[in-house]
Amino acid sequence: MTTSTTAGPKWGMAIDLERCIGCHACSVACKVENSVSLGHFRTKVYYYDFASVNPYNHQPTTKRAFLPTLCMQCEDAPCLDACPNDAIARGADGIIHIDDTACDRSRDCIKACPYGAIHIDPVAEVADKCDFCSHRLAADMEPACVEVCPADVFAFGDLNDPASPVSRFHAKHRQQVAPLKPEEKTKPLVQYRGLGGVVPRAMAHKVPKGRSHDPFSYEIDTWDQLKSAFPKPKGA
């Protein structure tokens, strides 16, 4: 893993939705690596079925898009400002950390997060979220999601180092990289390629705001319960 030799690292991630196959290896590896409790997520992959046209026979068809989500490590982090106990802080490396000795489980951080990234761990009874597997970074290892992905979806590394995978990704795809939910203006260190392309922008509505990820949010038999979260088509 490449890091800068002249300054401390500023960790960032780019997610290439053009490559994601929806295998959920990232979310499974995250659960195992970080002992995430059943029904809760640090990393979650959403899927979204939408009407399209087959490019070969030009007939109507249905496509499925995949959207991996995690803490966006926002530079303007709403959770940080919302925490009444100053239990949430940003490190010099850009990662937002939760101090479990100071967390009072007020849930204000959950209500403030636009990406559903924070939950209350039912075992430790404190707020929990992705921290880019900081314990692995300290050992010069990649985050678990990055290491296990079979499709090279995640480009991760030091944003201060132009030779890092994430910096090279930004340099190559600069015009195609964008944040999830740009209207939130949180300046996330996690960026996506393929939003508005292979993944319709409407899919962002599936990512909860002000509440934790729902473990049933991608099940077909609960889809009707989720339709209210999506804007109605024009003329409907």
# chains A, B, ... in the order shown; residues from 1 in each chain; ligands from 1
>>> closest_atom_pairs(of="segment 132-208 of chain A", to="segment 43-48 of chain A", cutoff="9 Å", atoms="only C-alpha atoms", output="tab-separated table")
residue	atom	partner	partner_atom	distance
A:Cys145	CA	A:Thr43	CA	8.2
A:Val199	CA	A:Tyr48	CA	8.3
A:Pro200	CA	A:Tyr48	CA	8.7
A:Met203	CA	A:Tyr48	CA	6.5
A:Lys206	CA	A:Tyr46	CA	7.6
A:Val207	CA	A:Tyr46	CA	7.9
>>> write_last_selection(atoms="C-alpha atoms", output="PDB file, in the first residue's frame")
ATOM      1  CA  CYS A 145     -13.317  -4.490   1.895  1.00  0.00           C
ATOM      2  CA  VAL A 199     -26.142   3.433 -11.269  1.00  0.00           C
ATOM      3  CA  PRO A 200     -29.089   5.838 -11.598  1.00  0.00           C
ATOM      4  CA  MET A 203     -30.649   4.986  -6.209  1.00  0.00           C
ATOM      5  CA  LYS A 206     -32.364   3.961  -1.086  1.00  0.00           C
ATOM      6  CA  VAL A 207     -29.544   4.998   1.270  1.00  0.00           C
TER       7      VAL A 207
END
>>> residues_around(residues="Gly210 of chain A", least_positions_apart="6", cutoff="8 Å", atoms="only C-alpha atoms", output="ChimeraX atom specification")
/A:110-116
>>> write_last_selection(atoms="N, CA and C atoms", output="PDB file, in the first residue's frame")
ATOM      1  N   ILE A 110     -26.514   9.555  14.562  1.00  0.00           N
ATOM      2  CA  ILE A 110     -27.273   8.761  13.595  1.00  0.00           C
ATOM      3  C   ILE A 110     -28.271   9.652  12.861  1.00  0.00           C
ATOM      4  N   LYS A 111     -28.951  10.512  13.601  1.00  0.00           N
ATOM      5  CA  LYS A 111     -29.941  11.407  13.003  1.00  0.00           C
ATOM      6  C   LYS A 111     -29.289  12.410  12.051  1.00  0.00           C
ATOM      7  N   ALA A 112     -28.032  12.746  12.303  1.00  0.00           N
ATOM      8  CA  ALA A 112     -27.354  13.753  11.483  1.00  0.00           C
ATOM      9  C   ALA A 112     -26.736  13.183  10.214  1.00  0.00           C
ATOM     10  N   CYS A 113     -26.468  11.883  10.189  1.00  0.00           N
ATOM     11  CA  CYS A 113     -25.752  11.282   9.062  1.00  0.00           C
ATOM     12  C   CYS A 113     -26.662  11.113   7.845  1.00  0.00           C
ATOM     13  N   PRO A 114     -26.268  11.652   6.682  1.00  0.00           N
ATOM     14  CA  PRO A 114     -27.095  11.505   5.475  1.00  0.00           C
ATOM     15  C   PRO A 114     -26.930  10.159   4.780  1.00  0.00           C
ATOM     16  N   TYR A 115     -26.029   9.313   5.281  1.00  0.00           N
ATOM     17  CA  TYR A 115     -25.665   8.091   4.564  1.00  0.00           C
ATOM     18  C   TYR A 115     -25.957   6.804   5.341  1.00  0.00           C
ATOM     19  N   GLY A 116     -26.666   6.892   6.465  1.00  0.00           N
ATOM     20  CA  GLY A 116     -26.998   5.701   7.235  1.00  0.00           C
ATOM     21  C   GLY A 116     -25.794   4.961   7.770  1.00  0.00           C
TER      22      GLY A 116
END
>>> closest_residue(among="A:Val148, A:Arg105, A:Ala202, A:Lys209", to="Val28 of chain A", atoms="only C-alpha atoms")
A:Val148
>>> residues_around(residues="segment 124-139 of chain A", least_positions_apart="3", cutoff="7 Å", atoms="only C-alpha atoms", output="list in words")
Arg42, Leu70, Cys71, Ile95, Ile96, His97, Asp100, Cys103, Arg105, Ala117, Ile118, His119, Ile120, Asp121, Glu142, Pro143 and Ala144 of chain A
>>> residues_around(residues="segment 161-174 of chain A", least_positions_apart="2", cutoff="12 Å", atoms="only C-alpha atoms", output="PyMOL selection string")
chain A and resi 1-16+18+142+146+152-159+176-179+189-194
>>> atom_distance(atom1="atom CA of Ser35 of chain A", atom2="atom CA of Asp108 of chain A")
23.3 Å
>>> residues_around(residues="Ile88 of chain A", least_positions_apart="6", cutoff="9 Å", atoms="only C-alpha atoms", output="PyMOL selection string")
chain A and resi 79-81+96-99+102-103+109
>>> write_last_selection(atoms="N, CA and C atoms", output="PDB file, in the first residue's frame")
ATOM      1  N   CYS A  79     -22.144  14.398  11.647  1.00  0.00           N
ATOM      2  CA  CYS A  79     -22.142  13.631  12.891  1.00  0.00           C
ATOM      3  C   CYS A  79     -21.228  14.270  13.928  1.00  0.00           C
ATOM      4  N   LEU A  80     -20.119  14.807  13.469  1.00  0.00           N
ATOM      5  CA  LEU A  80     -19.148  15.431  14.371  1.00  0.00           C
ATOM      6  C   LEU A  80     -19.770  16.628  15.082  1.00  0.00           C
ATOM      7  N   ASP A  81     -20.487  17.444  14.311  1.00  0.00           N
ATOM      8  CA  ASP A  81     -21.117  18.632  14.893  1.00  0.00           C
ATOM      9  C   ASP A  81     -22.308  18.266  15.777  1.00  0.00           C
ATOM     10  N   ILE A  96     -12.842   9.822  10.400  1.00  0.00           N
ATOM     11  CA  ILE A  96     -13.709  10.187  11.516  1.00  0.00           C
ATOM     12  C   ILE A  96     -13.779   9.005  12.481  1.00  0.00           C
ATOM     13  N   HIS A  97     -13.404   9.259  13.737  1.00  0.00           N
ATOM     14  CA  HIS A  97     -13.375   8.209  14.753  1.00  0.00           C
ATOM     15  C   HIS A  97     -14.409   8.474  15.836  1.00  0.00           C
ATOM     16  N   ILE A  98     -14.910   7.401  16.448  1.00  0.00           N
ATOM     17  CA  ILE A  98     -15.822   7.497  17.588  1.00  0.00           C
ATOM     18  C   ILE A  98     -15.103   7.002  18.829  1.00  0.00           C
ATOM     19  N   ASP A  99     -15.064   7.836  19.857  1.00  0.00           N
ATOM     20  CA  ASP A  99     -14.464   7.465  21.136  1.00  0.00           C
ATOM     21  C   ASP A  99     -15.519   6.728  21.959  1.00  0.00           C
ATOM     22  N   ALA A 102     -16.487   7.881  25.471  1.00  0.00           N
ATOM     23  CA  ALA A 102     -17.221   9.138  25.647  1.00  0.00           C
ATOM     24  C   ALA A 102     -18.635   9.075  25.096  1.00  0.00           C
ATOM     25  N   CYS A 103     -18.942   8.072  24.273  1.00  0.00           N
ATOM     26  CA  CYS A 103     -20.256   7.965  23.635  1.00  0.00           C
ATOM     27  C   CYS A 103     -21.344   7.711  24.680  1.00  0.00           C
ATOM     28  N   CYS A 109     -25.856  11.522  16.408  1.00  0.00           N
ATOM     29  CA  CYS A 109     -24.973  11.313  15.258  1.00  0.00           C
ATOM     30  C   CYS A 109     -25.694  10.539  14.163  1.00  0.00           C
TER      31      CYS A 109
END
>>> select_by_dssp(residues="segment 56-212 of chain A", states="strand (DSSP E)", output="number ranges by chain")
A: 60-69, 88-90, 96-98, 119-120, 127-128, 154-158, 177-178, 190-193
>>> atom_distance(atom1="atom CA of Pro68 of chain A", atom2="atom CA of Ala51 of chain A")
20.7 Å
>>> atom_distance(atom1="atom CA of Ser52 of chain A", atom2="atom CA of Arg201 of chain A")
14.4 Å
>>> select_by_dssp(residues="segment 83-175 of chain A", states="alpha helix (DSSP H)", output="PDB file with N, CA, C and O atoms, in the first residue's frame")
ATOM      1  N   ASP A 108     -27.777  11.214  18.339  1.00  0.00           N
ATOM      2  CA  ASP A 108     -27.784  12.440  17.546  1.00  0.00           C
ATOM      3  C   ASP A 108     -26.920  12.297  16.301  1.00  0.00           C
ATOM      4  O   ASP A 108     -27.217  12.874  15.254  1.00  0.00           O
ATOM      5  N   CYS A 109     -25.856  11.522  16.408  1.00  0.00           N
ATOM      6  CA  CYS A 109     -24.973  11.313  15.258  1.00  0.00           C
ATOM      7  C   CYS A 109     -25.694  10.539  14.163  1.00  0.00           C
ATOM      8  O   CYS A 109     -25.527  10.819  12.968  1.00  0.00           O
ATOM      9  N   ILE A 110     -26.514   9.555  14.562  1.00  0.00           N
ATOM     10  CA  ILE A 110     -27.273   8.761  13.595  1.00  0.00           C
ATOM     11  C   ILE A 110     -28.271   9.652  12.861  1.00  0.00           C
ATOM     12  O   ILE A 110     -28.409   9.588  11.633  1.00  0.00           O
ATOM     13  N   LYS A 111     -28.951  10.512  13.601  1.00  0.00           N
ATOM     14  CA  LYS A 111     -29.941  11.407  13.003  1.00  0.00           C
ATOM     15  C   LYS A 111     -29.289  12.410  12.051  1.00  0.00           C
ATOM     16  O   LYS A 111     -29.918  12.855  11.085  1.00  0.00           O
ATOM     17  N   ALA A 112     -28.032  12.746  12.303  1.00  0.00           N
ATOM     18  CA  ALA A 112     -27.354  13.753  11.483  1.00  0.00           C
ATOM     19  C   ALA A 112     -26.736  13.183  10.214  1.00  0.00           C
ATOM     20  O   ALA A 112     -26.527  13.915   9.247  1.00  0.00           O
ATOM     21  N   SER A 134      -8.919   1.087  10.572  1.00  0.00           N
ATOM     22  CA  SER A 134      -7.719   1.808  11.032  1.00  0.00           C
ATOM     23  C   SER A 134      -6.682   0.878  11.656  1.00  0.00           C
ATOM     24  O   SER A 134      -5.479   1.132  11.549  1.00  0.00           O
ATOM     25  N   HIS A 135      -7.136  -0.175  12.294  1.00  0.00           N
ATOM     26  CA  HIS A 135      -6.181  -1.119  12.895  1.00  0.00           C
ATOM     27  C   HIS A 135      -5.364  -1.823  11.810  1.00  0.00           C
ATOM     28  O   HIS A 135      -4.197  -2.164  12.029  1.00  0.00           O
ATOM     29  N   ARG A 136      -5.959  -2.023  10.656  1.00  0.00           N
ATOM     30  CA  ARG A 136      -5.227  -2.624   9.538  1.00  0.00           C
ATOM     31  C   ARG A 136      -4.276  -1.599   8.905  1.00  0.00           C
ATOM     32  O   ARG A 136      -3.157  -1.942   8.514  1.00  0.00           O
ATOM     33  N   LEU A 137      -4.710  -0.357   8.804  1.00  0.00           N
ATOM     34  CA  LEU A 137      -3.833   0.687   8.255  1.00  0.00           C
ATOM     35  C   LEU A 137      -2.571   0.830   9.108  1.00  0.00           C
ATOM     36  O   LEU A 137      -1.481   1.033   8.578  1.00  0.00           O
ATOM     37  N   ALA A 138      -2.745   0.717  10.424  1.00  0.00           N
ATOM     38  CA  ALA A 138      -1.606   0.828  11.329  1.00  0.00           C
ATOM     39  C   ALA A 138      -0.596  -0.293  11.111  1.00  0.00           C
ATOM     40  O   ALA A 138       0.584  -0.145  11.433  1.00  0.00           O
ATOM     41  N   ALA A 144     -10.364  -4.181   4.943  1.00  0.00           N
ATOM     42  CA  ALA A 144     -10.809  -5.526   4.581  1.00  0.00           C
ATOM     43  C   ALA A 144     -11.620  -5.536   3.294  1.00  0.00           C
ATOM     44  O   ALA A 144     -11.468  -6.436   2.454  1.00  0.00           O
ATOM     45  N   CYS A 145     -12.485  -4.529   3.094  1.00  0.00           N
ATOM     46  CA  CYS A 145     -13.317  -4.490   1.895  1.00  0.00           C
ATOM     47  C   CYS A 145     -12.468  -4.380   0.635  1.00  0.00           C
ATOM     48  O   CYS A 145     -12.769  -4.990  -0.398  1.00  0.00           O
ATOM     49  N   VAL A 146     -11.402  -3.601   0.718  1.00  0.00           N
ATOM     50  CA  VAL A 146     -10.520  -3.407  -0.429  1.00  0.00           C
ATOM     51  C   VAL A 146      -9.782  -4.699  -0.760  1.00  0.00           C
ATOM     52  O   VAL A 146      -9.662  -5.092  -1.923  1.00  0.00           O
ATOM     53  N   GLU A 147      -9.314  -5.368   0.279  1.00  0.00           N
ATOM     54  CA  GLU A 147      -8.502  -6.578   0.084  1.00  0.00           C
ATOM     55  C   GLU A 147      -9.296  -7.715  -0.547  1.00  0.00           C
ATOM     56  O   GLU A 147      -8.775  -8.455  -1.385  1.00  0.00           O
ATOM     57  N   VAL A 148     -10.568  -7.877  -0.171  1.00  0.00           N
ATOM     58  CA  VAL A 148     -11.309  -9.055  -0.625  1.00  0.00           C
ATOM     59  C   VAL A 148     -12.063  -8.854  -1.931  1.00  0.00           C
ATOM     60  O   VAL A 148     -12.498  -9.834  -2.549  1.00  0.00           O
ATOM     61  N   PRO A 165      -3.079   4.379  -5.215  1.00  0.00           N
ATOM     62  CA  PRO A 165      -4.166   3.910  -6.085  1.00  0.00           C
ATOM     63  C   PRO A 165      -5.321   4.895  -6.202  1.00  0.00           C
ATOM     64  O   PRO A 165      -5.862   5.095  -7.289  1.00  0.00           O
ATOM     65  N   VAL A 166      -5.712   5.523  -5.085  1.00  0.00           N
ATOM     66  CA  VAL A 166      -6.847   6.441  -5.153  1.00  0.00           C
ATOM     67  C   VAL A 166      -6.491   7.703  -5.922  1.00  0.00           C
ATOM     68  O   VAL A 166      -7.310   8.234  -6.687  1.00  0.00           O
ATOM     69  N   SER A 167      -5.276   8.199  -5.763  1.00  0.00           N
ATOM     70  CA  SER A 167      -4.853   9.386  -6.504  1.00  0.00           C
ATOM     71  C   SER A 167      -4.764   9.102  -7.994  1.00  0.00           C
ATOM     72  O   SER A 167      -5.160   9.930  -8.826  1.00  0.00           O
ATOM     73  N   ARG A 168      -4.249   7.929  -8.341  1.00  0.00           N
ATOM     74  CA  ARG A 168      -4.171   7.555  -9.756  1.00  0.00           C
ATOM     75  C   ARG A 168      -5.564   7.392 -10.347  1.00  0.00           C
ATOM     76  O   ARG A 168      -5.805   7.755 -11.504  1.00  0.00           O
ATOM     77  N   PHE A 169      -6.492   6.852  -9.560  1.00  0.00           N
ATOM     78  CA  PHE A 169      -7.868   6.695 -10.021  1.00  0.00           C
ATOM     79  C   PHE A 169      -8.494   8.053 -10.313  1.00  0.00           C
ATOM     80  O   PHE A 169      -9.137   8.252 -11.353  1.00  0.00           O
ATOM     81  N   HIS A 170      -8.302   8.998  -9.396  1.00  0.00           N
ATOM     82  CA  HIS A 170      -8.842  10.345  -9.597  1.00  0.00           C
ATOM     83  C   HIS A 170      -8.231  11.001 -10.827  1.00  0.00           C
ATOM     84  O   HIS A 170      -8.923  11.682 -11.594  1.00  0.00           O
ATOM     85  N   ALA A 171      -6.949  10.812 -11.019  1.00  0.00           N
ATOM     86  CA  ALA A 171      -6.273  11.412 -12.170  1.00  0.00           C
ATOM     87  C   ALA A 171      -6.810  10.841 -13.482  1.00  0.00           C
ATOM     88  O   ALA A 171      -6.958  11.562 -14.475  1.00  0.00           O
ATOM     89  N   LYS A 172      -7.119   9.556 -13.489  1.00  0.00           N
ATOM     90  CA  LYS A 172      -7.594   8.885 -14.705  1.00  0.00           C
ATOM     91  C   LYS A 172      -9.057   9.169 -14.994  1.00  0.00           C
ATOM     92  O   LYS A 172      -9.454   9.337 -16.155  1.00  0.00           O
ATOM     93  N   HIS A 173      -9.874   9.244 -13.939  1.00  0.00           N
ATOM     94  CA  HIS A 173     -11.324   9.353 -14.132  1.00  0.00           C
ATOM     95  C   HIS A 173     -11.894  10.654 -13.555  1.00  0.00           C
ATOM     96  O   HIS A 173     -13.076  10.703 -13.204  1.00  0.00           O
TER      97      HIS A 173
END
